[in-house]
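Structure data (mmCIF, C-alpha atoms) from upload-v9.cif:
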```cif
data_work
loop_
_atom_site.group_PDB
_atom_site.id
_atom_site.type_symbol
_atom_site.label_atom_id
_atom_site.label_comp_id
_atom_site.auth_asym_id
_atom_site.auth_seq_id
_atom_site.Cartn_x
_atom_site.Cartn_y
_atom_site.Cartn_z
ATOM 1 C CA MET A 1 63.892 57.671 62.590
ATOM 2 C CA ARG A 2 67.402 58.911 61.856
ATOM 3 C CA LYS A 3 69.033 58.171 58.509
ATOM 4 C CA SER A 4 71.672 56.002 60.159
ATOM 5 C CA TYR A 5 68.874 53.506 60.923
ATOM 6 C CA ARG A 6 67.834 53.171 57.272
ATOM 7 C CA VAL A 7 68.882 50.972 54.376
ATOM 8 C CA LYS A 8 68.693 53.445 51.501
ATOM 9 C CA LYS A 9 70.909 52.379 48.593
ATOM 10 C CA GLU A 10 69.761 49.907 45.963
ATOM 11 C CA SER A 11 72.987 47.907 46.402
ATOM 12 C CA GLU A 12 72.293 47.558 50.144
ATOM 13 C CA PHE A 13 68.734 46.383 49.432
ATOM 14 C CA GLN A 14 70.083 43.806 46.971
ATOM 15 C CA ARG A 15 72.666 42.530 49.461
ATOM 16 C CA VAL A 16 69.908 41.811 51.998
ATOM 17 C CA PHE A 17 67.683 40.183 49.315
ATOM 18 C CA GLU A 18 70.515 37.912 48.217
ATOM 19 C CA THR A 19 70.802 36.333 51.672
ATOM 20 C CA HIS A 20 67.478 34.559 50.936
ATOM 21 C CA ASN A 21 66.705 34.736 54.651
ATOM 22 C CA SER A 22 63.034 35.711 54.666
ATOM 23 C CA VAL A 23 59.836 35.124 56.590
ATOM 24 C CA ALA A 24 56.322 36.266 55.848
ATOM 25 C CA ASN A 25 52.854 36.554 57.251
ATOM 26 C CA ARG A 26 49.685 37.781 55.537
ATOM 27 C CA LYS A 27 50.641 41.463 55.705
ATOM 28 C CA PHE A 28 54.462 41.695 55.557
ATOM 29 C CA ILE A 29 57.565 39.996 54.219
ATOM 30 C CA VAL A 30 60.770 40.471 56.225
ATOM 31 C CA TYR A 31 64.236 39.817 54.778
ATOM 32 C CA ALA A 32 67.062 39.810 57.325
ATOM 33 C CA MET A 33 70.846 39.792 57.165
ATOM 34 C CA ASP A 34 73.182 39.528 60.145
ATOM 35 C CA LYS A 35 75.938 42.135 60.364
ATOM 36 C CA PRO A 36 78.158 41.278 63.347
ATOM 37 C CA GLY A 37 79.730 44.280 65.024
ATOM 38 C CA GLN A 38 77.131 46.762 63.796
ATOM 39 C CA ILE A 39 76.154 49.327 66.450
ATOM 40 C CA HIS A 40 72.423 49.375 65.667
ATOM 41 C CA PHE A 41 69.990 47.784 63.243
ATOM 42 C CA ARG A 42 69.101 49.308 59.872
ATOM 43 C CA VAL A 43 65.720 48.912 58.206
ATOM 44 C CA GLY A 44 64.571 49.307 54.611
ATOM 45 C CA ILE A 45 60.890 49.714 53.810
ATOM 46 C CA SER A 46 59.292 48.872 50.495
ATOM 47 C CA VAL A 47 55.664 49.488 49.576
ATOM 48 C CA GLY A 48 54.750 48.544 46.013
ATOM 49 C CA LYS A 49 52.590 50.442 43.565
ATOM 50 C CA LYS A 50 49.837 47.851 43.858
ATOM 51 C CA ILE A 51 49.007 49.347 47.268
ATOM 52 C CA GLY A 52 47.947 52.672 45.786
ATOM 53 C CA ASN A 53 49.095 56.127 44.822
ATOM 54 C CA ALA A 54 52.134 57.858 46.361
ATOM 55 C CA VAL A 55 50.140 59.454 49.158
ATOM 56 C CA HIS A 56 48.718 56.104 50.227
ATOM 57 C CA ARG A 57 52.088 54.315 49.982
ATOM 58 C CA ASN A 58 53.754 56.987 52.133
ATOM 59 C CA TRP A 59 50.943 56.634 54.676
ATOM 60 C CA VAL A 60 51.669 52.891 54.927
ATOM 61 C CA LYS A 61 55.430 53.569 55.211
ATOM 62 C CA ARG A 62 54.877 56.049 58.042
ATOM 63 C CA ARG A 63 52.938 53.416 59.994
ATOM 64 C CA ILE A 64 55.684 50.834 59.465
ATOM 65 C CA ARG A 65 58.371 53.343 60.480
ATOM 66 C CA GLN A 66 56.447 54.288 63.632
ATOM 67 C CA THR A 67 56.040 50.629 64.589
ATOM 68 C CA VAL A 68 59.766 49.989 64.145
ATOM 69 C CA LEU A 69 60.488 53.079 66.252
ATOM 70 C CA GLU A 70 58.235 51.774 69.041
ATOM 71 C CA LEU A 71 59.965 48.361 68.909
ATOM 72 C CA LYS A 72 63.460 49.878 68.634
ATOM 73 C CA GLU A 73 64.658 48.715 72.066
ATOM 74 C CA GLN A 74 63.615 45.102 71.379
ATOM 75 C CA ILE A 75 65.141 44.704 67.903
ATOM 76 C CA LYS A 76 68.542 43.009 67.621
ATOM 77 C CA PRO A 77 71.231 45.613 66.882
ATOM 78 C CA ASP A 78 73.527 43.581 64.624
ATOM 79 C CA CYS A 79 71.328 43.195 61.546
ATOM 80 C CA ASP A 80 69.926 44.856 58.463
ATOM 81 C CA PHE A 81 66.360 43.990 57.529
ATOM 82 C CA LEU A 82 63.791 44.883 54.911
ATOM 83 C CA VAL A 83 60.059 45.160 55.482
ATOM 84 C CA ILE A 84 57.938 44.685 52.378
ATOM 85 C CA ALA A 85 54.259 45.486 52.680
ATOM 86 C CA ARG A 86 51.833 43.137 50.985
ATOM 87 C CA ARG A 87 48.772 44.395 49.170
ATOM 88 C CA SER A 88 46.466 43.829 52.149
ATOM 89 C CA ALA A 89 48.641 45.996 54.448
ATOM 90 C CA ASP A 90 46.950 49.217 53.354
ATOM 91 C CA GLN A 91 43.653 48.555 55.125
ATOM 92 C CA MET A 92 45.089 48.158 58.638
ATOM 93 C CA SER A 93 44.833 50.435 61.636
ATOM 94 C CA MET A 94 47.990 51.422 63.515
ATOM 95 C CA ALA A 95 47.341 48.764 66.166
ATOM 96 C CA GLU A 96 46.929 46.063 63.515
ATOM 97 C CA THR A 97 50.082 47.226 61.741
ATOM 98 C CA LYS A 98 52.044 46.922 64.976
ATOM 99 C CA GLN A 99 50.576 43.494 65.740
ATOM 100 C CA HIS A 100 51.315 42.020 62.295
ATOM 101 C CA LEU A 101 54.774 43.581 61.974
ATOM 102 C CA THR A 102 55.744 42.416 65.462
ATOM 103 C CA HIS A 103 54.632 38.910 64.497
ATOM 104 C CA ALA A 104 56.739 38.987 61.316
ATOM 105 C CA LEU A 105 59.800 40.286 63.197
ATOM 106 C CA LYS A 106 59.403 37.519 65.805
ATOM 107 C CA LEU A 107 59.264 34.931 63.017
ATOM 108 C CA ALA A 108 62.517 36.364 61.656
ATOM 109 C CA HIS A 109 64.083 36.186 65.164
ATOM 110 C CA LEU A 110 64.815 39.912 65.076
ATOM 111 C CA ILE A 111 63.063 40.774 68.319
ATOM 112 C CA ASN A 112 64.799 40.013 71.597
ATOM 113 C CA GLU A 113 62.085 38.527 73.773
ATOM 114 C CA HIS A 114 62.270 39.772 77.355
#
```
If you convert what's in this file into structure tokens, what do you get?
Amino acid sequence: MRKSYRVKKESEFQRVFETHNSVANRKFIVYAMDKPGQIHFRVGISVGKKIGNAVHRNWVKRRIRQTVLELKEQIKPDCDFLVIARRSADQMSMAETKQHLTHALKLAHLINEH
């Protein structure tokens, strides 16, 4: 995923957190912030140290990033959102990751249903 699709700076993360617009399921928490006029969505991914060592956390992040890439055409373009992995997210297969993340994004009304 290109850098233009990522929320990278701490201040940008905080701005999305401060909207208090969040939804959650058992595996992920999604914070969303509308940004009218934005060309495409931006996503920030956070995987805490409780999930494991750096190698394991990066493995979880890669799965989340791949899922977002696969859902790219369905995600609303005018928003920034954060995906926070819960502790139980590290034991999932790729298919389960996609299923649970899609569910969380639908709860947050970030996926355009066709």
Which neighbours of Arg6 of chain A fall inside 9 Å, counting all atoms listed in the file, when residues of the same chain fewer than 5 positions from it are skipped, and could you give them as a VMD selection string? chain A and resid 1 41 to 45 80
Print the selection's residues with C-alpha atoms to a file, as a PDB file, in the coordinates of the input.
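Output below, filename selection19.pdb:
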```pdb
ATOM      1  CA  MET A   1      63.892  57.671  62.590  1.00  0.00           C
ATOM      2  CA  PHE A  41      69.990  47.784  63.243  1.00  0.00           C
ATOM      3  CA  ARG A  42      69.101  49.308  59.872  1.00  0.00           C
ATOM      4  CA  VAL A  43      65.720  48.912  58.206  1.00  0.00           C
ATOM      5  CA  GLY A  44      64.571  49.307  54.611  1.00  0.00           C
ATOM      6  CA  ILE A  45      60.890  49.714  53.810  1.00  0.00           C
ATOM      7  CA  ASP A  80      69.926  44.856  58.463  1.00  0.00           C
TER       8      ASP A  80
END
```
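Across the chains present, the PyMOL selection byres ((chain A and resi 54-58) around 12) applied to this file returns Ile45, Ser46, Val47, Gly48, Lys49, Lys50, Ile51, Gly52, Asn53, Trp59, Val60, Lys61, Arg62, Arg63, Ile64, Arg65, Ile84, Ala85, Arg86, Arg87, Ala89, Asp90 and Gln91 of chain A.
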Can you work out which one of A:Phe81, A:Ala104, A:Lys8, A:Thr97 has the shortest atom-to-atom distance to His20 of chain A, counting only C-alpha atoms? A:Phe81
Find the residues near Glu73 of chain A: any atom within 10 Å, counting only C-alpha atoms, skip ones fewer than 4 places away on the same chain, and give them as a PyMOL selection string. chain A and resi 68-69+77+111-112
Using Å and a single decimal, report how far atom CA of Val23 of chain A sits from atom CA of Val7 of chain A.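 Those two atoms sit 18.4 Å apart.
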For a test of reading the model, state the distance in Å between atom CA of Lys9 of chain A and atom CA of Lys72 of chain A, rounded to one decimal.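 Atom-to-atom, atom CA of Lys9 of chain A to atom CA of Lys72 of chain A, that is 21.5 Å.
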Pick from A:Ile39, A:Leu110, A:Met94, A:Leu82: nearest to Glu10 of chain A, with only C-alpha atoms counted?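 Smallest distance to Glu10 of chain A is found for A:Leu82.
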Once the PyMOL selection byres ((chain A and resi 22) around 10) is applied to the coordinates I shared, what remains selected? I want it as a count of residues only. 18
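Residue nearest Asp34 of chain A, chosen from A:Lys3, A:Arg15, A:Lys106, A:Lys98 and counting all atoms listed in the file: A:Arg15.
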Just the number, please: distance in Å from atom CA of Lys76 of chain A to atom CA of Tyr5 of chain A, one decimal.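 According to the coordinates, atom CA of Lys76 of chain A and atom CA of Tyr5 of chain A are separated by 12.5 Å.
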Nearest to His40 of chain A: which of A:Cys79, A:His109, A:Met92, A:Gln99 is it, counting all atoms listed in the file?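 Comparing A:Cys79, A:His109, A:Met92, A:Gln99 against His40 of chain A, the winner is A:Cys79.
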Since the input lacks atoms, please generate N, CA and C atoms for segment 73-100 of chain A and provide them as a PDB file, in the frame of the given file.
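Output below, filename part26.pdb:
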```
ATOM      1  N   GLU A  73      63.873  49.272  70.959  1.00  0.00           N
ATOM      2  CA  GLU A  73      64.658  48.715  72.066  1.00  0.00           C
ATOM      3  C   GLU A  73      64.686  47.186  72.049  1.00  0.00           C
ATOM      4  N   GLN A  74      63.708  46.563  71.395  1.00  0.00           N
ATOM      5  CA  GLN A  74      63.615  45.102  71.379  1.00  0.00           C
ATOM      6  C   GLN A  74      64.297  44.469  70.178  1.00  0.00           C
ATOM      7  N   ILE A  75      64.584  45.252  69.141  1.00  0.00           N
ATOM      8  CA  ILE A  75      65.141  44.704  67.903  1.00  0.00           C
ATOM      9  C   ILE A  75      66.645  44.488  68.046  1.00  0.00           C
ATOM     10  N   LYS A  76      67.111  43.333  67.569  1.00  0.00           N
ATOM     11  CA  LYS A  76      68.542  43.009  67.621  1.00  0.00           C
ATOM     12  C   LYS A  76      69.351  44.096  66.914  1.00  0.00           C
ATOM     13  N   PRO A  77      70.467  44.521  67.484  1.00  0.00           N
ATOM     14  CA  PRO A  77      71.231  45.613  66.882  1.00  0.00           C
ATOM     15  C   PRO A  77      72.111  45.215  65.706  1.00  0.00           C
ATOM     16  N   ASP A  78      72.528  43.962  65.633  1.00  0.00           N
ATOM     17  CA  ASP A  78      73.527  43.581  64.624  1.00  0.00           C
ATOM     18  C   ASP A  78      72.899  42.967  63.368  1.00  0.00           C
ATOM     19  N   CYS A  79      71.967  43.707  62.751  1.00  0.00           N
ATOM     20  CA  CYS A  79      71.328  43.195  61.546  1.00  0.00           C
ATOM     21  C   CYS A  79      70.806  44.335  60.671  1.00  0.00           C
ATOM     22  N   ASP A  80      70.662  44.023  59.402  1.00  0.00           N
ATOM     23  CA  ASP A  80      69.926  44.856  58.463  1.00  0.00           C
ATOM     24  C   ASP A  80      68.690  44.059  58.097  1.00  0.00           C
ATOM     25  N   PHE A  81      67.542  44.716  57.970  1.00  0.00           N
ATOM     26  CA  PHE A  81      66.360  43.990  57.529  1.00  0.00           C
ATOM     27  C   PHE A  81      65.478  44.869  56.665  1.00  0.00           C
ATOM     28  N   LEU A  82      64.713  44.213  55.815  1.00  0.00           N
ATOM     29  CA  LEU A  82      63.791  44.883  54.911  1.00  0.00           C
ATOM     30  C   LEU A  82      62.380  44.475  55.275  1.00  0.00           C
ATOM     31  N   VAL A  83      61.475  45.435  55.256  1.00  0.00           N
ATOM     32  CA  VAL A  83      60.059  45.160  55.482  1.00  0.00           C
ATOM     33  C   VAL A  83      59.345  45.485  54.178  1.00  0.00           C
ATOM     34  N   ILE A  84      58.686  44.498  53.621  1.00  0.00           N
ATOM     35  CA  ILE A  84      57.938  44.685  52.378  1.00  0.00           C
ATOM     36  C   ILE A  84      56.469  44.505  52.698  1.00  0.00           C
ATOM     37  N   ALA A  85      55.693  45.529  52.397  1.00  0.00           N
ATOM     38  CA  ALA A  85      54.259  45.486  52.680  1.00  0.00           C
ATOM     39  C   ALA A  85      53.533  44.732  51.566  1.00  0.00           C
ATOM     40  N   ARG A  86      52.665  43.827  51.966  1.00  0.00           N
ATOM     41  CA  ARG A  86      51.833  43.137  50.985  1.00  0.00           C
ATOM     42  C   ARG A  86      50.608  43.991  50.675  1.00  0.00           C
ATOM     43  N   ARG A  87      49.908  43.607  49.653  1.00  0.00           N
ATOM     44  CA  ARG A  87      48.772  44.395  49.170  1.00  0.00           C
ATOM     45  C   ARG A  87      47.717  44.655  50.248  1.00  0.00           C
ATOM     46  N   SER A  88      47.507  43.686  51.122  1.00  0.00           N
ATOM     47  CA  SER A  88      46.466  43.829  52.149  1.00  0.00           C
ATOM     48  C   SER A  88      46.900  44.707  53.319  1.00  0.00           C
ATOM     49  N   ALA A  89      48.134  45.192  53.326  1.00  0.00           N
ATOM     50  CA  ALA A  89      48.641  45.996  54.448  1.00  0.00           C
ATOM     51  C   ALA A  89      48.064  47.405  54.478  1.00  0.00           C
ATOM     52  N   ASP A  90      47.430  47.833  53.409  1.00  0.00           N
ATOM     53  CA  ASP A  90      46.950  49.217  53.354  1.00  0.00           C
ATOM     54  C   ASP A  90      45.635  49.443  54.092  1.00  0.00           C
ATOM     55  N   GLN A  91      44.951  48.407  54.481  1.00  0.00           N
ATOM     56  CA  GLN A  91      43.653  48.555  55.125  1.00  0.00           C
ATOM     57  C   GLN A  91      43.724  48.440  56.645  1.00  0.00           C
ATOM     58  N   MET A  92      44.939  48.406  57.205  1.00  0.00           N
ATOM     59  CA  MET A  92      45.089  48.158  58.638  1.00  0.00           C
ATOM     60  C   MET A  92      45.135  49.445  59.453  1.00  0.00           C
ATOM     61  N   SER A  93      44.677  49.341  60.683  1.00  0.00           N
ATOM     62  CA  SER A  93      44.833  50.435  61.636  1.00  0.00           C
ATOM     63  C   SER A  93      46.267  50.395  62.168  1.00  0.00           C
ATOM     64  N   MET A  94      46.642  51.393  62.945  1.00  0.00           N
ATOM     65  CA  MET A  94      47.990  51.422  63.515  1.00  0.00           C
ATOM     66  C   MET A  94      48.212  50.234  64.442  1.00  0.00           C
ATOM     67  N   ALA A  95      47.225  49.893  65.239  1.00  0.00           N
ATOM     68  CA  ALA A  95      47.341  48.764  66.166  1.00  0.00           C
ATOM     69  C   ALA A  95      47.530  47.448  65.405  1.00  0.00           C
ATOM     70  N   GLU A  96      46.789  47.274  64.325  1.00  0.00           N
ATOM     71  CA  GLU A  96      46.929  46.063  63.515  1.00  0.00           C
ATOM     72  C   GLU A  96      48.291  46.015  62.831  1.00  0.00           C
ATOM     73  N   THR A  97      48.757  47.160  62.366  1.00  0.00           N
ATOM     74  CA  THR A  97      50.082  47.226  61.741  1.00  0.00           C
ATOM     75  C   THR A  97      51.136  46.773  62.730  1.00  0.00           C
ATOM     76  N   LYS A  98      51.060  47.286  63.951  1.00  0.00           N
ATOM     77  CA  LYS A  98      52.044  46.922  64.976  1.00  0.00           C
ATOM     78  C   LYS A  98      51.964  45.433  65.299  1.00  0.00           C
ATOM     79  N   GLN A  99      50.758  44.914  65.413  1.00  0.00           N
ATOM     80  CA  GLN A  99      50.576  43.494  65.740  1.00  0.00           C
ATOM     81  C   GLN A  99      51.168  42.599  64.650  1.00  0.00           C
ATOM     82  N   HIS A 100      50.847  42.868  63.398  1.00  0.00           N
ATOM     83  CA  HIS A 100      51.315  42.020  62.295  1.00  0.00           C
ATOM     84  C   HIS A 100      52.816  42.165  62.061  1.00  0.00           C
TER      85      HIS A 100
END
```
